[in-house]
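J.: Data: protein.cif, mmCIF, C-alpha atoms.
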```cif
data_start
#
loop_
_atom_site.label_atom_id
_atom_site.label_comp_id
_atom_site.auth_asym_id
_atom_site.auth_seq_id
_atom_site.Cartn_x
_atom_site.Cartn_y
_atom_site.Cartn_z
CA MET A 1 0.00 0.00 0.00
CA PHE A 2 1.32 3.45 -0.92
CA PHE A 3 1.23 6.16 1.73
CA PRO A 4 1.42 9.45 -0.20
CA ILE A 5 2.22 11.74 2.72
CA SER A 6 5.50 10.02 3.66
CA HIS A 7 6.02 8.55 0.14
CA ALA A 8 6.43 5.05 1.60
CA HIS A 9 5.27 1.63 0.37
CA ILE A 10 4.32 -0.49 3.39
CA ASN A 11 2.23 -3.64 3.79
CA PRO A 12 -0.78 -2.64 5.97
CA ILE A 13 -0.77 -6.09 7.65
CA TYR A 14 2.82 -5.43 8.81
CA LEU A 15 1.71 -2.11 10.32
CA ALA A 16 -1.30 -3.68 12.03
CA VAL A 17 0.86 -6.48 13.51
CA VAL A 18 3.47 -3.98 14.78
CA GLY A 19 0.60 -1.96 16.26
CA PHE A 20 -0.82 -5.08 17.91
CA ILE A 21 2.51 -5.91 19.63
CA ILE A 22 3.00 -2.32 20.78
CA GLY A 23 -0.63 -2.25 21.94
CA ILE A 24 -0.13 -5.23 24.24
CA LEU A 25 3.06 -3.70 25.72
CA GLY A 26 1.39 -0.31 26.11
CA GLY A 27 -1.72 -1.69 27.76
CA PHE A 28 0.32 -3.82 30.17
CA PHE A 29 3.20 -1.49 31.05
CA GLY A 30 1.79 1.96 30.31
CA VAL A 31 4.48 2.79 27.76
CA GLY A 32 4.13 4.30 24.30
CA GLY A 33 6.36 1.66 22.68
CA SER A 34 8.30 4.09 20.52
CA PHE A 35 11.47 2.01 20.95
CA ILE A 36 9.74 -0.62 18.77
CA ALA A 37 7.57 1.59 16.55
CA GLY A 38 10.44 3.88 15.50
CA PRO A 39 12.78 1.10 14.28
CA ALA A 40 9.80 -0.82 12.76
CA LEU A 41 8.84 2.19 10.64
CA ARG A 42 12.46 2.95 9.78
CA ALA A 43 12.89 -0.65 8.60
CA MET A 44 10.14 -0.03 6.05
CA GLY A 45 11.94 3.03 4.68
CA VAL A 46 9.96 5.74 6.50
CA ASP A 47 12.09 8.84 7.14
CA TRP A 48 13.18 9.39 10.73
CA ASN A 49 11.14 12.60 11.18
CA PHE A 50 7.98 10.84 9.94
CA ALA A 51 8.70 7.82 12.15
CA VAL A 52 8.82 10.05 15.26
CA GLY A 53 5.73 12.15 14.45
CA THR A 54 3.61 9.26 13.15
CA ASP A 55 4.48 7.17 16.19
CA LEU A 56 3.18 9.95 18.46
CA ALA A 57 -0.14 10.08 16.56
CA HIS A 58 -0.52 6.30 16.86
CA ILE A 59 0.32 6.50 20.59
CA VAL A 60 -2.64 8.88 21.10
CA GLY A 61 -5.12 6.36 19.67
CA LYS A 62 -3.63 3.36 21.46
CA SER A 63 -3.45 5.16 24.81
CA ILE A 64 -7.13 6.21 24.58
CA VAL A 65 -8.20 2.58 24.21
CA ALA A 66 -5.85 1.31 26.95
CA ALA A 67 -6.62 4.18 29.35
CA LYS A 68 -10.37 3.59 28.92
CA GLN A 69 -9.88 -0.09 29.76
CA HIS A 70 -7.73 0.80 32.78
CA ARG A 71 -10.33 3.35 33.92
CA ALA A 72 -12.98 0.63 33.87
CA LEU A 73 -10.66 -1.43 36.10
CA GLY A 74 -10.21 1.55 38.48
CA ASN A 75 -6.57 2.08 37.52
CA VAL A 76 -6.62 5.75 36.51
CA ASP A 77 -6.03 8.72 38.82
CA LEU A 78 -7.48 11.53 36.69
CA LYS A 79 -6.37 14.33 39.03
CA LEU A 80 -2.76 13.11 39.05
CA GLY A 81 -2.78 12.58 35.28
CA LEU A 82 -4.03 16.10 34.57
CA ILE A 83 -1.43 17.70 36.87
CA MET A 84 1.34 15.63 35.33
CA ALA A 85 0.32 16.60 31.78
CA PHE A 86 1.35 20.23 32.47
CA GLY A 87 4.80 19.22 33.71
CA THR A 88 5.31 16.77 30.83
CA ILE A 89 4.46 19.33 28.12
CA ALA A 90 6.79 21.93 29.67
CA GLY A 91 9.54 19.30 30.02
CA ALA A 92 9.10 18.07 26.44
CA GLU A 93 9.61 21.62 25.17
CA CYS A 94 12.80 21.95 27.24
CA GLY A 95 14.04 18.58 25.97
CA ALA A 96 13.41 19.66 22.37
CA GLN A 97 15.31 22.93 23.01
CA LEU A 98 18.18 20.93 24.49
CA ILE A 99 18.30 18.86 21.29
CA GLN A 100 18.40 22.06 19.22
CA ALA A 101 21.29 23.40 21.35
CA LEU A 102 23.22 20.15 20.92
CA LYS A 103 22.51 20.23 17.17
CA ARG A 104 24.10 23.68 17.02
CA ALA A 105 27.10 22.39 19.01
CA GLY A 106 27.36 19.54 16.49
CA ASN A 107 27.42 16.56 18.86
CA VAL A 108 23.76 15.71 19.30
CA ASN A 109 23.96 12.05 18.27
CA THR A 110 26.83 11.14 20.59
CA VAL A 111 25.41 12.92 23.65
CA VAL A 112 21.85 11.60 23.17
CA SER A 113 23.12 8.05 22.58
CA TYR A 114 25.29 7.96 25.71
CA VAL A 115 22.60 9.55 27.88
CA ALA A 116 20.06 7.03 26.56
CA ILE A 117 22.32 4.04 27.30
CA VAL A 118 23.05 5.21 30.86
CA VAL A 119 19.39 6.07 31.61
CA TYR A 120 17.88 2.89 30.09
CA SER A 121 20.44 0.57 31.73
CA GLY A 122 20.11 2.41 35.06
CA ILE A 123 16.33 2.04 35.10
CA ALA A 124 16.51 -1.65 34.17
CA ALA A 125 19.16 -2.42 36.82
CA PHE A 126 17.31 -0.52 39.54
CA MET A 127 13.93 -2.10 38.77
CA LEU A 128 15.47 -5.57 38.61
CA TRP A 129 17.06 -5.06 42.04
CA GLU A 130 13.94 -3.52 43.60
CA SER A 131 11.32 -5.96 42.24
CA ARG A 132 13.41 -9.03 43.13
CA LYS A 133 14.07 -7.69 46.62
CA THR A 134 10.37 -6.92 47.10
CA LEU A 135 9.30 -10.36 45.88
CA ARG A 136 11.79 -11.99 48.28
CA SER A 137 10.59 -9.93 51.27
CA ALA A 138 7.78 -11.13 53.56
CA LYS A 139 5.28 -8.55 52.22
CA GLY A 140 6.22 -9.32 48.65
CA ARG A 141 5.83 -13.06 49.28
CA SER A 142 2.35 -12.47 50.66
CA GLN A 143 1.43 -10.90 47.31
CA ARG A 144 2.72 -13.82 45.26
CA GLY A 145 -0.36 -15.90 45.86
CA LEU A 146 -2.74 -13.20 44.64
CA ILE A 147 -4.17 -13.75 41.21
CA LYS A 148 -6.34 -10.70 40.75
CA GLY A 149 -4.15 -7.63 40.82
CA ALA A 150 -7.21 -5.59 41.74
CA LYS A 151 -6.93 -7.02 45.25
CA SER A 152 -3.32 -5.96 45.51
CA LYS A 153 -3.32 -2.42 44.13
CA LYS A 154 -1.60 -1.15 47.27
CA ASP A 155 1.64 -2.94 46.52
CA HIS A 156 4.88 -3.02 48.46
CA SER A 157 8.28 -1.86 47.32
CA ALA A 158 11.78 -2.37 48.70
CA PHE A 159 12.26 1.33 47.89
CA GLY A 160 9.23 2.22 50.06
CA PRO A 161 11.14 4.01 52.92
CA VAL A 162 12.72 6.46 50.43
CA THR A 163 9.34 7.03 48.76
CA ARG A 164 7.73 7.76 52.13
CA SER A 165 10.41 10.32 53.00
CA ILE A 166 9.77 12.05 49.66
CA GLN A 167 6.05 12.11 50.47
CA ARG A 168 6.85 13.68 53.87
CA LEU A 169 8.43 16.75 52.21
CA LYS A 170 5.90 19.45 53.12
CA ILE A 171 6.37 21.98 50.35
CA TRP A 172 3.19 24.02 49.86
CA PRO A 173 0.78 23.32 48.17
CA MET A 174 0.17 19.74 49.28
CA ILE A 175 -2.16 17.70 47.06
CA THR A 176 -4.33 14.82 48.22
CA LEU A 177 -4.87 12.06 45.68
CA PRO A 178 -7.60 9.80 47.08
CA THR A 179 -7.52 7.37 44.14
CA SER A 180 -3.79 6.71 44.58
CA GLY A 181 -4.08 6.97 48.37
CA ILE A 182 -1.27 9.51 48.75
CA ARG A 183 -0.73 13.10 49.87
CA ILE A 184 2.23 14.80 48.24
CA SER A 185 3.59 18.22 47.26
CA LEU A 186 2.41 19.58 43.91
CA TRP A 187 6.03 20.46 43.10
CA THR A 188 7.16 16.84 43.46
CA ILE A 189 4.48 15.74 40.98
CA LEU A 190 5.40 18.51 38.55
CA LEU A 191 9.11 17.73 38.90
CA VAL A 192 8.57 14.03 38.11
CA ALA A 193 6.41 14.94 35.10
CA PHE A 194 8.88 17.59 33.96
CA VAL A 195 11.84 15.17 34.06
CA GLY A 196 9.78 12.61 32.10
CA GLY A 197 8.91 15.34 29.60
CA VAL A 198 12.55 16.38 29.21
CA PHE A 199 13.49 12.79 28.39
CA SER A 200 10.52 12.56 26.02
CA GLY A 201 11.69 15.64 24.13
CA PHE A 202 15.33 14.63 24.37
CA LEU A 203 15.17 10.91 23.54
CA GLY A 204 11.86 10.87 21.63
CA GLY A 205 8.67 8.89 22.25
CA GLY A 206 6.40 9.14 25.26
CA ALA A 207 9.14 8.32 27.85
CA GLY A 208 6.80 5.96 29.70
CA TYR A 209 9.87 3.87 30.60
CA ILE A 210 10.93 6.75 32.86
CA ARG A 211 7.58 8.14 34.00
CA MET A 212 5.94 4.86 35.05
CA PRO A 213 8.85 3.83 37.37
CA SER A 214 9.12 7.43 38.68
CA MET A 215 5.44 7.41 39.61
CA VAL A 216 5.92 4.18 41.56
CA TYR A 217 9.25 4.94 43.25
CA VAL A 218 9.17 8.73 43.72
CA LEU A 219 5.46 9.53 44.11
CA GLY A 220 4.50 6.19 45.71
CA VAL A 221 1.61 5.48 43.30
CA PRO A 222 0.62 1.77 43.25
CA THR A 223 1.93 0.03 40.08
CA HIS A 224 -1.49 -0.69 38.53
CA LEU A 225 -2.52 2.94 38.99
CA ALA A 226 0.84 4.17 37.67
CA VAL A 227 0.29 2.18 34.45
CA GLY A 228 -3.27 3.45 33.95
CA THR A 229 -2.54 7.04 34.93
CA ASP A 230 0.57 7.14 32.75
CA LEU A 231 -1.55 6.08 29.76
CA PHE A 232 -4.13 8.78 30.51
CA GLU A 233 -1.35 11.36 30.81
CA ILE A 234 0.21 10.13 27.55
CA VAL A 235 -3.11 10.81 25.74
CA ILE A 236 -2.77 14.51 26.60
CA SER A 237 0.99 14.93 26.06
CA ALA A 238 1.08 12.81 22.86
CA SER A 239 -1.88 14.81 21.46
CA TYR A 240 0.14 17.96 21.98
CA GLY A 241 3.16 16.29 20.34
CA THR A 242 1.02 15.13 17.39
CA ILE A 243 -0.23 18.67 16.72
CA THR A 244 3.26 20.23 16.86
CA HIS A 245 4.81 17.48 14.70
CA ALA A 246 1.91 17.62 12.19
CA ILE A 247 2.42 21.37 11.77
CA LYS A 248 6.12 20.69 11.10
CA GLY A 249 5.14 18.09 8.45
CA ASN A 250 6.30 15.03 10.42
CA VAL A 251 3.03 13.06 10.68
CA ASP A 252 1.66 10.55 8.18
CA ILE A 253 -1.74 10.05 9.74
CA LEU A 254 -2.65 7.26 7.30
CA ILE A 255 0.18 5.08 8.65
CA ALA A 256 -0.86 5.92 12.22
CA LEU A 257 -4.49 4.97 11.49
CA VAL A 258 -3.48 1.59 10.04
CA MET A 259 -1.09 0.85 12.94
CA HIS A 260 -3.81 1.74 15.37
CA THR A 261 -6.20 -0.91 14.02
CA GLY A 262 -3.86 -3.54 15.51
CA ALA A 263 -2.98 -1.49 18.58
CA ALA A 264 -6.64 -1.02 19.57
CA ILE A 265 -7.16 -4.71 20.24
CA GLY A 266 -3.62 -5.27 21.61
CA ALA A 267 -4.04 -2.45 24.13
CA GLN A 268 -7.25 -4.00 25.47
CA ILE A 269 -5.55 -7.37 25.94
CA GLY A 270 -2.57 -5.74 27.69
CA ALA A 271 -4.78 -3.70 30.01
CA VAL A 272 -6.91 -6.69 31.04
CA ALA A 273 -3.75 -8.79 31.60
CA THR A 274 -2.55 -6.41 34.37
CA GLN A 275 -5.37 -7.81 36.56
CA TYR A 276 -3.59 -11.14 36.77
CA PHE A 277 -0.22 -9.82 37.99
CA THR A 278 0.85 -8.14 41.22
CA GLY A 279 2.74 -4.82 41.21
CA PRO A 280 6.26 -6.23 41.83
CA LYS A 281 5.75 -8.81 39.06
CA ILE A 282 4.68 -6.12 36.58
CA ARG A 283 7.80 -4.13 37.55
CA LEU A 284 10.02 -7.20 37.12
CA ALA A 285 8.51 -7.91 33.68
CA PHE A 286 9.14 -4.26 32.76
CA VAL A 287 12.95 -4.69 33.07
CA PRO A 288 13.64 -5.92 29.47
CA LEU A 289 11.92 -2.89 27.89
CA PRO A 290 14.54 -0.23 28.70
CA LEU A 291 17.23 -2.84 27.97
CA ILE A 292 15.84 -3.30 24.44
CA GLY A 293 15.98 0.50 24.07
CA ALA A 294 19.63 0.51 25.25
CA ALA A 295 20.51 -2.38 22.88
CA ILE A 296 19.05 -0.47 19.90
CA VAL A 297 21.11 2.62 20.77
CA ILE A 298 24.31 0.54 21.21
CA TYR A 299 23.66 -1.15 17.84
CA THR A 300 23.20 2.27 16.22
CA LEU A 301 26.44 3.56 17.78
CA MET A 302 28.47 0.51 16.76
CA THR A 303 27.19 0.06 13.20
CA GLY A 304 26.27 3.61 12.25
CA HIS A 305 22.89 2.37 10.96
CA LYS A 306 20.02 4.27 12.48
CA LEU A 307 17.27 1.77 13.31
CA MET B 1 -11.67 -24.79 34.33
CA LYS B 2 -10.03 -26.13 31.15
CA LYS B 3 -13.39 -26.04 29.37
CA GLN B 4 -13.83 -22.41 30.37
CA ALA B 5 -10.35 -21.51 29.12
CA ALA B 6 -11.02 -23.25 25.81
CA LYS B 7 -14.32 -21.34 25.48
CA SER B 8 -12.60 -18.00 26.18
CA LEU B 9 -9.87 -18.82 23.67
CA ARG B 10 -12.46 -19.76 21.05
CA ALA B 11 -14.39 -16.56 21.68
CA PHE B 12 -11.21 -14.55 21.36
CA ALA B 13 -10.24 -16.29 18.09
CA ILE B 14 -13.70 -15.53 16.60
CA GLU B 15 -13.46 -11.93 17.81
CA LEU B 16 -10.06 -11.57 16.21
CA ALA B 17 -11.32 -13.03 12.90
CA VAL B 18 -14.41 -10.76 12.77
CA TYR B 19 -12.27 -7.80 13.77
CA SER B 20 -9.72 -8.56 11.02
CA VAL B 21 -12.46 -8.66 8.36
CA LEU B 22 -13.83 -5.32 9.59
CA VAL B 23 -10.35 -3.79 9.61
CA ILE B 24 -9.59 -4.95 6.04
CA CYS B 25 -12.87 -3.40 4.82
CA TYR B 26 -11.86 -0.27 6.70
CA PHE B 27 -8.43 -0.16 4.97
CA PHE B 28 -10.01 -0.24 1.52
CA LEU B 29 -12.98 2.00 2.18
CA VAL B 30 -11.81 4.78 4.46
CA LEU B 31 -8.10 5.01 3.69
CA ASN B 32 -8.57 4.97 -0.09
CA LEU B 33 -11.23 7.64 0.19
CA LEU B 34 -9.27 9.83 2.59
CA GLY B 35 -5.76 9.30 1.18
CA ASN B 36 -5.67 11.94 -1.54
CA TRP B 37 -7.67 14.48 0.43
CA LEU B 38 -5.31 14.18 3.42
CA TYR B 39 -2.26 14.39 1.15
CA GLY B 40 -3.56 17.65 -0.32
CA LEU B 41 -4.36 19.00 3.12
CA GLU B 42 -0.90 18.08 4.45
CA SER B 43 0.91 19.85 1.63
CA GLN B 44 -1.26 23.00 1.56
CA HIS B 45 -2.95 23.57 4.94
CA ARG B 46 -0.72 22.21 7.70
CA TYR B 47 -2.66 23.71 10.62
CA ILE B 48 -5.96 22.25 9.42
CA TYR B 49 -4.17 18.96 8.72
CA ALA B 50 -2.86 18.86 12.31
CA GLY B 51 -6.39 19.28 13.70
CA VAL B 52 -7.88 16.74 11.28
CA ALA B 53 -5.10 14.22 12.02
CA LEU B 54 -5.71 14.38 15.76
CA SER B 55 -9.50 14.19 15.30
CA LEU B 56 -9.14 11.16 13.03
CA ILE B 57 -6.95 9.17 15.41
CA VAL B 58 -9.14 10.06 18.42
CA GLY B 59 -12.29 9.24 16.44
CA GLN B 60 -10.86 5.92 15.28
CA ALA B 61 -9.83 5.05 18.86
CA VAL B 62 -13.37 5.66 20.13
CA LEU B 63 -14.91 3.80 17.17
CA LEU B 64 -12.64 0.74 17.37
CA ASP B 65 -13.02 0.60 21.13
CA SER B 66 -16.80 0.49 20.70
CA VAL B 67 -16.52 -2.16 17.96
CA THR B 68 -14.27 -4.46 20.03
CA THR B 69 -16.39 -3.99 23.17
CA LEU B 70 -19.53 -4.83 21.18
CA LEU B 71 -17.85 -7.89 19.65
CA PHE B 72 -16.69 -9.09 23.09
CA ARG B 73 -20.23 -8.77 24.47
CA LEU B 74 -21.98 -10.35 21.51
CA LEU B 75 -19.73 -13.38 21.19
CA ARG B 76 -19.26 -14.00 24.92
CA GLY B 77 -23.03 -13.82 25.37
CA ARG B 78 -23.63 -16.37 22.61
CA LEU B 79 -20.99 -18.80 23.89
CA LYS B 80 -22.45 -18.63 27.40
#
```
Before we go any further, please render this structure as structure tokens.
T.:
Amino acid sequence: MFFPISHAHINPIYLAVVGFIIGILGGFFGVGGSFIAGPALRAMGVDWNFAVGTDLAHIVGKSIVAAKQHRALGNVDLKLGLIMAFGTIAGAECGAQLIQALKRAGNVNTVVSYVAIVVYSGIAAFMLWESRKTLRSAKGRSQRGLIKGAKSKKDHSAFGPVTRSIQRLKIWPMITLPTSGIRISLWTILLVAFVGGVFSGFLGGGAGYIRMPSMVYVLGVPTHLAVGTDLFEIVISASYGTITHAIKGNVDILIALVMHTGAAIGAQIGAVATQYFTGPKIRLAFVPLPLIGAAIVIYTLMTGHKL
Amino acid sequence: MKKQAAKSLRAFAIELAVYSVLVICYFFLVLNLLGNWLYGLESQHRYIYAGVALSLIVGQAVLLDSVTTLLFRLLRGRLK
């Protein structure tokens, strides 16, 4: 099938299958899946700028479906998601400016690649350590037997003491989030969202691989709620990204629409599957995702081929 | 328990098949109709294109979500 906007010939079944895989990952982990979508589009000869913009448009559609499913399961904190959207958009703009500054300095690829490798590997190593430690602890063991995650939304974390001390920081204004069961400073929420946004603008994609763990470990949001709320927040921030990229001529909406036909059903499966896993297990299963991202960057650095 | 799992799997396979047929019809109908119009819009009116692009993806998300939910209900109900 010919897509006239990006001048690419791509099999629509291929796009739907890629969308389906990303949909499952997105619904289960609350990530956009750009580390798969970008290389998958590039492999079909889509230009890099179109791959980034089109991926964002497809993320909007997929996240709506997954967030709706998570909302039905009680996994979305709307208040938290709306607050975070402001911080993410501001951060994404800063990240994009940072990229422009590095472009002018002439070393954007090297800096972005090394930062990505360190960040992705760091997240994977930390989450591996934390989730294993939690599962080995008495509280973690008590969660192992649970089948329905809905019963175990208030999950335990080996990083819990640090999270609680962050929550104790009384910097006005303090926000109560009844759905997540936490009370925390507005500035902490905005800072977490802003950092996620910076990485989104700097490394591309929705940066769910940073925001979802940050929500769990820094804000203390239960894992199931972090996944659902992250998806809701992604709907807003990716919509903003889609508009700005479309104006710059980086979005082939026809490709995004075809990809989304697969993602719509995949996202529902992924969202429903979270019910059958406890928080620490979801976090443990999350570990390979940033590692795949790091592997792609290392491959690009070593071979010079941009995936 | 095994019977129930087999039933769910069967329902899911039928859902996937019906969904695939609907999606293929959608490819040929909607995308062929919209393709040239969107291409023209993208090259001449970027701001309108941006709004239309977002509306299309949001609209499709709502539509497909309704279709899959309806399929789930219909087929699960029949198998029960």
J.: Could you tell me which residues of chain B sit within 8 Å of chain A when counting only C-alpha atoms, and give me the result as JSON, numbers by chain?
T.: {"B": [23, 27, 31, 35, 36, 38, 39, 42, 46, 47, 49, 50, 51, 53, 54, 56, 57, 58, 60, 61, 62, 64, 65, 68]}
J.: Pick out the residues sitting within 12 Å of range 115-120 of chain A, and hand them over as a PyMOL selection string; count all atoms listed in the file, and ignore anything fewer than 5 positions along from it in its own chain.
T.: chain A and resi 35+108-110+125-127+196+199-200+202-204+207-210+213+286-301
J.: Please report the interatomic distance between CA of Thr274 in chain A and CA of Phe28 in chain A in Å with one decimal.
T.: 5.7 Å
J.: Using the chain letters and numbers from this file, what does the PyMOL selection byres ((chain B and resi 16) around 12) select? Give the answer as a list in words.
T.: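 Evaluating the PyMOL selection byres ((chain B and resi 16) around 12) on these coordinates yields Phe20, Thr261, Gly262, Ala264, Ile265, Gly266 and Ile269 of chain A; Leu9, Arg10, Ala11, Phe12, Ala13, Ile14, Glu15, Ala17, Val18, Tyr19, Ser20, Val21, Leu22, Val23, Val67, Thr68, Leu71, Phe72 and Leu75 of chain B.
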J.: Around range 226-231 of chain A, with edges along x, y and z and 6 Å added on all six sides, what centre and edge lengths do you get, in Å to one decimal, as JSON?
T.:
```
{"center_x": -1.2, "center_y": 4.7, "center_z": 33.7, "size_x": 16.1, "size_y": 17.0, "size_z": 19.9}
```
J.: Applying 9 Å and all atoms listed in the file, which residues near Val192 in chain A remain after dropping the ones on its own chain fewer than 5 positions away? List them as an mmCIF file with C-alpha atoms, in the frame of the given file.
T.:
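part-v7.cif was written with the following content:
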```cif
data_model
loop_
_atom_site.group_PDB
_atom_site.id
_atom_site.type_symbol
_atom_site.label_atom_id
_atom_site.label_comp_id
_atom_site.auth_asym_id
_atom_site.auth_seq_id
_atom_site.Cartn_x
_atom_site.Cartn_y
_atom_site.Cartn_z
ATOM 1 C CA MET A 84 1.340 15.630 35.330
ATOM 2 C CA GLY A 87 4.800 19.220 33.710
ATOM 3 C CA THR A 88 5.310 16.770 30.830
ATOM 4 C CA TRP A 187 6.030 20.460 43.100
ATOM 5 C CA GLY A 197 8.910 15.340 29.600
ATOM 6 C CA ARG A 211 7.580 8.140 34.000
ATOM 7 C CA SER A 214 9.120 7.430 38.680
ATOM 8 C CA MET A 215 5.440 7.410 39.610
ATOM 9 C CA VAL A 218 9.170 8.730 43.720
ATOM 10 C CA LEU A 219 5.460 9.530 44.110
#
```
J.: Would you please work out which residue, of A:Ala37, A:Ile21, A:Ala105, A:Ile182, is nearest to Gly205 in chain A when using all atoms listed in the file?
T.: A:Ala37
